[in-house]
Amino acid sequence: MLSAHGWALAEAAKPTAPGPFVVPMAQLDAGNTAWLMVSAALVLLMSIPGLALFYAGMVRKKNILATMAQTLAVCALVSVLWWAVGYSLAFMPGNEFIGSLKGAFLDHLMMDIRSGEVSVHSLVPTVPEAVFVMFQMTFAIITPALITGAFAERMKFSALLWFMALWSVLVYAPVAHWVWEPGGWLAQMGALDFAGGTVVHINAGIAGLVCAWMLGRRIGFGQTALMPANLGYTMIGACLLWVGWMGFNGGSAGAADGRAGMAMLVTQMAAAAAALSWMLAEWLVRGTPTLLGLCSGAVAGLVAITPASGFVGPQSAVVMGVLAGVGCYWGATGLKRWLGADDSLDVFGVHGVGGIIGAVLTGVLAAPAIGGVSGSVAAQLAGVAGTLVYSGLVTAAILWVVDRVVGLRVSAQAERDGLDLSQHGERVE
Amino acid sequence: MLDSEKFAIAAHLHVVLRRVNGRVTDVEWMIHSSEYAREVIRVARTEDHPELLRLADKLEAALLPPAPVPKPERRAPPPEASSREASDFGASRFASSDFDPVVPRQRYVGTLR
């Protein structure tokens, strides 16, 4: 994201300083604007209903509605927080670690049809800032929503709201600033993350793992079969994620150009290669190629190509997809057992492991002809390590606080009854 | 193995048996009665039909697993054997039955995928 914005578009418009500035409306590019608007809608579609369905199909029947409610609530909550402080902390110039509050409540956002002026952000100077705010908001929504899969079927709804609000402001916004705002320390170090491999997936993956550890295992975990309610929902959700990812990666080019087109192509290739490699690995190891494996493999490939999508060609994308499919299969099975946490829907196994594979391989495979830069494995590893440590520690601190204030986990009886009934008073008949 | 998977194998056998020699079996009763299942498997094996033989073997493995052989008594592992050291990881994880394609693992117990 930074790369495309920073090198391609900013180069064309030559903004004098990072952050928002006002331009005549005539300077806007209709094609770029239209593509970013469509991309924002596609990424929103990934969360609601894509991720909601993807997760709801994997929990037990008594938790379907609660899982869907969590995603929807996170969407609404983070939207409001993004308007209030999130965007400003992530994308307004500040220091190396955090933005400023100069854009709180989007007070600075300008759109005056009488004078013919509109504010734009220096990262995408040919698109109205309102569109950029919206596009980035959809990333801010899906990241915490991903975490809900790690503690599915056992967290209090009130605790979830407190946790997500604090996490969005204290973890997501700073990490986005580090990587995507030109003044961020990882951006200055040259860490490449085109569409959020580090900011979204590694960040959510490690936070999910910490949540799973701190909340403890579900009742019956490891003793009885915790049956997924309807893997048909999961397939529909996975396909919505796959389609939406075209906007996630393609839109991160910040323009409707050749690089966006290449990002879409490599996204498709990596997802396909990973779906097949996960399927083959599962077939060889377990003797059965499952639908859940195909869905998971596709998501693993999409995760892994995310940081690389503006930097690699289709051959590298296939290599990344194959490695991500096998790597994430191990992440969701062998690594999961080794870690011992009840990461219910394998948030770390798929998003954490896939994000790390993608980040490192971006450093290896980045082609200067496509992205304009070469990768650095050292810088990529710094990004991975920094995110793992910061996100892991702050997530643990937030959970500790929320546990003291409202308690994290539902009672044993409420868990047995299911969160649909115990938290929302509804159920699937 | 889940009941639904056992049921699926029994249903396959039922269909093929009916097609090959016209015998009609009770799929549900196969799952509930090991005696009945054993008899159906015996009948299936009297036909020289590769698909029937394959399904009979599969159903037998699913419904009539051999009695477990008593394992020799094992000492409790020393404390370091259960530690999470990287050197232990490959051996302990990949040697486990979860990675053995011959032994069907119980689905959705301790893991989703």
# chains A, B, ... in the order shown; residues from 1 in each chain; ligands from 1

$ interface_residues --of "chain A" --to "chain B" --cutoff "10 Å" --atoms "only C-alpha atoms" --output "PyMOL selection string"
chain A and resi 58-59+217-218+220-228+282-288+290+292-293+296+329-330+332-346

$ residues_around --residues "Arg19 of chain B" --least-positions-apart "4" --cutoff "12 Å" --atoms "only C-alpha atoms" --output "count of residues only"
12

$ residues_around --residues "Thr71 of chain A" --least-positions-apart "6" --cutoff "8 Å" --atoms "only C-alpha atoms" --output "ChimeraX atom specification"
/A:47-48,51-52,145,148

$ atom_distance --atom1 "atom CA of Ala207 of chain A" --atom2 "atom CA of Gly183 of chain A"
24.6 Å

$ closest_residue --among "A:Met46, A:Val401, A:Ala382, A:Val377" --to "Val299 of chain A" --atoms "only C-alpha atoms"
A:Met46

$ closest_residue --among "B:Ala62, B:Ala67, B:Leu17, B:Ala56" --to "Asp3 of chain B" --atoms "only C-alpha atoms"
B:Ala62

$ residues_around --residues "Gly321 of chain A" --least-positions-apart "4" --cutoff "12 Å" --atoms "only C-alpha atoms" --output "number ranges by chain"
A: 266-278, 297-306, 308-309, 314-317, 325-328, 354-355, 357-358, 361

$ write_last_selection --atoms "C-alpha atoms" --output "mmCIF file, in the first residue's frame"
data_model
loop_
_atom_site.group_PDB
_atom_site.id
_atom_site.type_symbol
_atom_site.label_atom_id
_atom_site.label_comp_id
_atom_site.auth_asym_id
_atom_site.auth_seq_id
_atom_site.Cartn_x
_atom_site.Cartn_y
_atom_site.Cartn_z
ATOM 1 C CA VAL A 266 -1.034 -12.617 -8.447
ATOM 2 C CA THR A 267 -3.804 -12.667 -5.854
ATOM 3 C CA GLN A 268 -5.759 -15.162 -7.920
ATOM 4 C CA MET A 269 -2.715 -17.316 -8.657
ATOM 5 C CA ALA A 270 -1.566 -17.511 -5.048
ATOM 6 C CA ALA A 271 -5.049 -18.391 -3.789
ATOM 7 C CA ALA A 272 -5.430 -21.135 -6.371
ATOM 8 C CA ALA A 273 -1.968 -22.602 -5.771
ATOM 9 C CA ALA A 274 -2.454 -22.592 -2.018
ATOM 10 C CA ALA A 275 -5.895 -24.203 -2.200
ATOM 11 C CA LEU A 276 -4.374 -27.032 -4.220
ATOM 12 C CA SER A 277 -1.266 -27.429 -2.076
ATOM 13 C CA TRP A 278 -3.283 -27.521 1.172
ATOM 14 C CA GLY A 297 -5.852 -23.195 1.628
ATOM 15 C CA ALA A 298 -7.333 -20.455 -0.530
ATOM 16 C CA VAL A 299 -7.391 -18.066 2.423
ATOM 17 C CA ALA A 300 -3.808 -19.034 3.312
ATOM 18 C CA GLY A 301 -2.666 -18.161 -0.198
ATOM 19 C CA LEU A 302 -4.528 -14.872 -0.113
ATOM 20 C CA VAL A 303 -2.918 -14.006 3.205
ATOM 21 C CA ALA A 304 0.584 -14.847 1.994
ATOM 22 C CA ILE A 305 0.353 -12.862 -1.245
ATOM 23 C CA THR A 306 -1.042 -9.790 0.521
ATOM 24 C CA ALA A 308 3.807 -9.133 -1.928
ATOM 25 C CA SER A 309 0.948 -8.383 -4.302
ATOM 26 C CA PRO A 314 2.639 -14.606 -11.305
ATOM 27 C CA GLN A 315 5.482 -17.152 -11.107
ATOM 28 C CA SER A 316 6.497 -15.935 -7.668
ATOM 29 C CA ALA A 317 2.842 -15.847 -6.661
ATOM 30 C CA GLY A 325 -0.813 -23.810 1.569
ATOM 31 C CA VAL A 326 1.521 -26.388 3.048
ATOM 32 C CA GLY A 327 2.870 -24.033 5.718
ATOM 33 C CA CYS A 328 -0.537 -22.979 6.955
ATOM 34 C CA GLY A 354 0.558 -17.167 6.301
ATOM 35 C CA GLY A 355 1.418 -13.560 7.080
ATOM 36 C CA ILE A 357 5.547 -16.659 5.166
ATOM 37 C CA GLY A 358 4.313 -13.862 2.914
ATOM 38 C CA LEU A 361 9.072 -14.239 0.876
#

$ closest_residue --among "A:Pro368, A:Gly50, A:Gly383, A:Gly208" --to "Ile142 of chain A" --atoms "only C-alpha atoms"
A:Gly50

$ select_by_dssp --residues "segment 88-170 of chain A" --states "strand (DSSP E or B)" --output "list in words"
Met111, Asp112, Glu117, Val118, Ser119, Val120, His121, Val124, Pro125, Thr126, Val127, Pro128 and Met155 of chain A

$ select_by_dssp --residues "segment 159-344 of chain A" --states "alpha helix (DSSP H)" --output "PyMOL selection string"
chain A and resi 159-167+173-180+185-189+203-215+231-250+258-286+291-305+314-332+334-339

$ write_last_selection --atoms "C-alpha atoms" --output "short mmCIF file (atom, residue, chain, number, x, y, z; two decimals), in the first residue's frame"
data_model
loop_
_atom_site.label_atom_id
_atom_site.label_comp_id
_atom_site.auth_asym_id
_atom_site.auth_seq_id
_atom_site.Cartn_x
_atom_site.Cartn_y
_atom_site.Cartn_z
CA ALA A 159 -15.76 -8.01 26.99
CA LEU A 160 -15.44 -8.35 23.24
CA LEU A 161 -16.63 -4.79 22.70
CA TRP A 162 -14.20 -3.37 25.26
CA PHE A 163 -11.34 -5.43 23.90
CA MET A 164 -11.98 -4.54 20.28
CA ALA A 165 -12.30 -0.83 20.99
CA LEU A 166 -9.01 -0.71 22.89
CA TRP A 167 -7.20 -3.01 20.46
CA ALA A 173 -3.58 2.26 14.49
CA PRO A 174 0.07 2.34 15.62
CA VAL A 175 1.09 -0.68 13.56
CA ALA A 176 -0.61 0.77 10.47
CA HIS A 177 1.31 3.99 11.12
CA TRP A 178 4.63 2.16 11.42
CA VAL A 179 4.21 0.43 8.09
CA TRP A 180 2.10 2.64 5.85
CA TRP A 185 9.77 3.40 11.57
CA LEU A 186 9.16 0.29 9.48
CA ALA A 187 8.38 2.36 6.39
CA GLN A 188 11.64 4.22 6.82
CA MET A 189 13.49 0.95 7.28
CA ASN A 203 -1.08 -8.48 13.74
CA ALA A 204 -4.44 -10.29 13.99
CA GLY A 205 -2.77 -13.71 14.09
CA ILE A 206 -0.59 -13.05 17.11
CA ALA A 207 -3.38 -11.16 18.88
CA GLY A 208 -5.63 -14.16 18.31
CA LEU A 209 -3.09 -16.53 19.74
CA VAL A 210 -2.68 -14.40 22.86
CA CYS A 211 -6.47 -14.25 23.23
CA ALA A 212 -6.72 -18.03 22.93
CA TRP A 213 -4.08 -18.49 25.59
CA MET A 214 -5.55 -15.97 28.00
CA LEU A 215 -9.16 -17.07 27.66
CA LEU A 231 -19.27 -25.91 6.26
CA GLY A 232 -21.46 -24.66 3.43
CA TYR A 233 -21.52 -21.27 5.17
CA THR A 234 -17.75 -21.47 5.44
CA MET A 235 -17.41 -22.11 1.72
CA ILE A 236 -19.64 -19.15 0.87
CA GLY A 237 -17.66 -16.98 3.27
CA ALA A 238 -14.33 -18.14 1.86
CA CYS A 239 -15.48 -17.32 -1.66
CA LEU A 240 -16.63 -13.86 -0.60
CA LEU A 241 -13.22 -13.37 0.98
CA TRP A 242 -11.50 -14.55 -2.21
CA VAL A 243 -13.49 -12.16 -4.43
CA GLY A 244 -13.20 -9.31 -1.95
CA TRP A 245 -9.45 -9.79 -1.82
CA MET A 246 -9.26 -8.42 -5.35
CA GLY A 247 -10.18 -5.06 -3.85
CA PHE A 248 -7.98 -5.63 -0.81
CA ASN A 249 -4.83 -6.12 -2.89
CA GLY A 250 -5.85 -4.47 -6.16
CA GLY A 258 -1.02 -1.82 -14.44
CA ARG A 259 0.22 -2.48 -10.96
CA ALA A 260 -3.31 -2.93 -9.66
CA GLY A 261 -3.95 -5.37 -12.49
CA MET A 262 -0.83 -7.33 -11.64
CA ALA A 263 -1.85 -7.34 -7.98
CA MET A 264 -5.19 -8.91 -8.93
CA LEU A 265 -3.55 -11.56 -11.08
CA VAL A 266 -1.03 -12.62 -8.45
CA THR A 267 -3.80 -12.67 -5.85
CA GLN A 268 -5.76 -15.16 -7.92
CA MET A 269 -2.71 -17.32 -8.66
CA ALA A 270 -1.57 -17.51 -5.05
CA ALA A 271 -5.05 -18.39 -3.79
CA ALA A 272 -5.43 -21.13 -6.37
CA ALA A 273 -1.97 -22.60 -5.77
CA ALA A 274 -2.45 -22.59 -2.02
CA ALA A 275 -5.90 -24.20 -2.20
CA LEU A 276 -4.37 -27.03 -4.22
CA SER A 277 -1.27 -27.43 -2.08
CA TRP A 278 -3.28 -27.52 1.17
CA MET A 279 -5.64 -30.02 -0.45
CA LEU A 280 -2.76 -32.25 -1.56
CA ALA A 281 -1.01 -32.04 1.80
CA GLU A 282 -4.22 -32.99 3.59
CA TRP A 283 -4.93 -35.78 1.12
CA LEU A 284 -1.47 -37.25 1.62
CA VAL A 285 -1.45 -36.92 5.39
CA ARG A 286 -5.07 -37.60 6.29
CA LEU A 291 -13.89 -28.72 1.61
CA LEU A 292 -12.65 -26.97 4.73
CA GLY A 293 -9.10 -27.66 3.59
CA LEU A 294 -9.74 -26.16 0.16
CA CYS A 295 -11.31 -23.06 1.74
CA SER A 296 -8.52 -22.73 4.27
CA GLY A 297 -5.85 -23.20 1.63
CA ALA A 298 -7.33 -20.46 -0.53
CA VAL A 299 -7.39 -18.07 2.42
CA ALA A 300 -3.81 -19.03 3.31
CA GLY A 301 -2.67 -18.16 -0.20
CA LEU A 302 -4.53 -14.87 -0.11
CA VAL A 303 -2.92 -14.01 3.20
CA ALA A 304 0.58 -14.85 1.99
CA ILE A 305 0.35 -12.86 -1.25
CA PRO A 314 2.64 -14.61 -11.30
CA GLN A 315 5.48 -17.15 -11.11
CA SER A 316 6.50 -15.94 -7.67
CA ALA A 317 2.84 -15.85 -6.66
CA VAL A 318 2.44 -19.54 -7.45
CA VAL A 319 5.57 -20.37 -5.44
CA MET A 320 4.25 -18.32 -2.51
CA GLY A 321 0.86 -19.96 -2.77
CA VAL A 322 2.26 -23.49 -2.74
CA LEU A 323 4.44 -22.76 0.28
CA ALA A 324 1.64 -20.96 2.11
CA GLY A 325 -0.81 -23.81 1.57
CA VAL A 326 1.52 -26.39 3.05
CA GLY A 327 2.87 -24.03 5.72
CA CYS A 328 -0.54 -22.98 6.95
CA TYR A 329 -1.79 -26.57 6.93
CA TRP A 330 1.03 -27.31 9.33
CA GLY A 331 0.20 -24.13 11.25
CA ALA A 332 -3.40 -25.23 11.77
CA GLY A 334 1.03 -29.61 13.95
CA LEU A 335 1.92 -26.15 15.19
CA LYS A 336 -1.48 -25.75 16.80
CA ARG A 337 -1.06 -28.95 18.82
CA TRP A 338 2.46 -27.93 19.78
CA LEU A 339 1.32 -24.53 20.99
#

$ decode --residues "segment 2-91 of chain A" --atoms "C-alpha atoms" --output "mmCIF file, in the first residue's frame"
data_model
loop_
_atom_site.group_PDB
_atom_site.id
_atom_site.type_symbol
_atom_site.label_atom_id
_atom_site.label_comp_id
_atom_site.auth_asym_id
_atom_site.auth_seq_id
_atom_site.Cartn_x
_atom_site.Cartn_y
_atom_site.Cartn_z
ATOM 1 C CA LEU A 2 2.636 2.458 1.054
ATOM 2 C CA SER A 3 4.801 1.428 -1.814
ATOM 3 C CA ALA A 4 2.235 2.065 -4.481
ATOM 4 C CA HIS A 5 1.029 5.247 -2.956
ATOM 5 C CA GLY A 6 4.409 6.498 -2.000
ATOM 6 C CA TRP A 7 6.307 5.732 -5.154
ATOM 7 C CA ALA A 8 3.893 5.733 -8.036
ATOM 8 C CA LEU A 9 1.217 8.258 -7.265
ATOM 9 C CA ALA A 10 3.075 10.588 -4.996
ATOM 10 C CA GLU A 11 5.750 10.725 -7.619
ATOM 11 C CA ALA A 12 3.182 11.962 -10.096
ATOM 12 C CA ALA A 13 1.634 14.604 -7.879
ATOM 13 C CA LYS A 14 4.702 15.587 -5.839
ATOM 14 C CA PRO A 15 3.007 16.598 -2.600
ATOM 15 C CA THR A 16 5.139 18.904 -0.563
ATOM 16 C CA ALA A 17 4.575 17.206 2.794
ATOM 17 C CA PRO A 18 3.138 13.943 4.073
ATOM 18 C CA GLY A 19 -0.458 13.894 5.207
ATOM 19 C CA PRO A 20 -3.571 15.533 3.812
ATOM 20 C CA PHE A 21 -3.574 18.663 1.668
ATOM 21 C CA VAL A 22 -6.124 20.499 -0.438
ATOM 22 C CA VAL A 23 -6.206 20.335 -4.235
ATOM 23 C CA PRO A 24 -8.545 21.577 -6.979
ATOM 24 C CA MET A 25 -11.139 18.954 -7.856
ATOM 25 C CA ALA A 26 -9.849 18.975 -11.411
ATOM 26 C CA GLN A 27 -6.699 17.262 -10.165
ATOM 27 C CA LEU A 28 -8.646 14.183 -9.102
ATOM 28 C CA ASP A 29 -8.527 11.138 -11.332
ATOM 29 C CA ALA A 30 -11.970 9.640 -11.981
ATOM 30 C CA GLY A 31 -10.602 6.175 -12.802
ATOM 31 C CA ASN A 32 -8.475 5.943 -9.682
ATOM 32 C CA THR A 33 -11.278 7.285 -7.541
ATOM 33 C CA ALA A 34 -13.817 4.839 -8.961
ATOM 34 C CA TRP A 35 -11.489 1.887 -8.440
ATOM 35 C CA LEU A 36 -10.751 2.810 -4.840
ATOM 36 C CA MET A 37 -14.469 3.226 -4.140
ATOM 37 C CA VAL A 38 -15.193 -0.208 -5.593
ATOM 38 C CA SER A 39 -12.262 -1.668 -3.679
ATOM 39 C CA ALA A 40 -13.533 -0.227 -0.403
ATOM 40 C CA ALA A 41 -16.892 -1.890 -1.013
ATOM 41 C CA LEU A 42 -15.166 -5.185 -1.856
ATOM 42 C CA VAL A 43 -13.096 -5.137 1.323
ATOM 43 C CA LEU A 44 -16.180 -4.301 3.386
ATOM 44 C CA LEU A 45 -17.867 -7.277 1.747
ATOM 45 C CA MET A 46 -15.022 -9.440 3.018
ATOM 46 C CA SER A 47 -16.004 -8.678 6.614
ATOM 47 C CA ILE A 48 -19.760 -8.463 6.264
ATOM 48 C CA PRO A 49 -20.882 -10.998 5.329
ATOM 49 C CA GLY A 50 -17.740 -12.828 4.137
ATOM 50 C CA LEU A 51 -15.843 -13.315 7.373
ATOM 51 C CA ALA A 52 -19.076 -13.637 9.371
ATOM 52 C CA LEU A 53 -20.157 -16.589 7.221
ATOM 53 C CA PHE A 54 -16.667 -18.075 7.066
ATOM 54 C CA TYR A 55 -16.476 -18.207 10.852
ATOM 55 C CA ALA A 56 -20.143 -19.002 11.537
ATOM 56 C CA GLY A 57 -19.910 -22.210 9.537
ATOM 57 C CA MET A 58 -17.034 -23.495 11.661
ATOM 58 C CA VAL A 59 -18.569 -23.027 15.109
ATOM 59 C CA ARG A 60 -21.205 -25.224 16.683
ATOM 60 C CA LYS A 61 -24.832 -24.577 15.858
ATOM 61 C CA LYS A 62 -25.481 -22.946 19.230
ATOM 62 C CA ASN A 63 -22.891 -20.254 18.472
ATOM 63 C CA ILE A 64 -23.664 -19.337 14.858
ATOM 64 C CA LEU A 65 -25.604 -16.149 15.585
ATOM 65 C CA ALA A 66 -23.172 -14.960 18.247
ATOM 66 C CA THR A 67 -20.266 -15.367 15.840
ATOM 67 C CA MET A 68 -22.091 -13.370 13.196
ATOM 68 C CA ALA A 69 -23.070 -10.739 15.767
ATOM 69 C CA GLN A 70 -19.434 -10.333 16.790
ATOM 70 C CA THR A 71 -18.313 -9.519 13.257
ATOM 71 C CA LEU A 72 -21.166 -7.087 12.709
ATOM 72 C CA ALA A 73 -20.591 -5.366 16.050
ATOM 73 C CA VAL A 74 -16.864 -5.024 15.361
ATOM 74 C CA CYS A 75 -17.691 -3.493 11.991
ATOM 75 C CA ALA A 76 -19.908 -0.840 13.550
ATOM 76 C CA LEU A 77 -17.661 -0.153 16.528
ATOM 77 C CA VAL A 78 -14.448 0.221 14.547
ATOM 78 C CA SER A 79 -16.135 2.444 11.961
ATOM 79 C CA VAL A 80 -17.020 4.935 14.663
ATOM 80 C CA LEU A 81 -13.583 4.707 16.270
ATOM 81 C CA TRP A 82 -11.881 5.165 12.905
ATOM 82 C CA TRP A 83 -13.814 8.395 12.442
ATOM 83 C CA ALA A 84 -13.066 9.540 15.999
ATOM 84 C CA VAL A 85 -9.333 8.829 16.359
ATOM 85 C CA GLY A 86 -8.197 5.763 14.426
ATOM 86 C CA TYR A 87 -7.567 7.335 11.038
ATOM 87 C CA SER A 88 -5.799 10.275 12.585
ATOM 88 C CA LEU A 89 -3.509 8.121 14.717
ATOM 89 C CA ALA A 90 -2.663 5.906 11.758
ATOM 90 C CA PHE A 91 -2.374 8.300 8.831
#
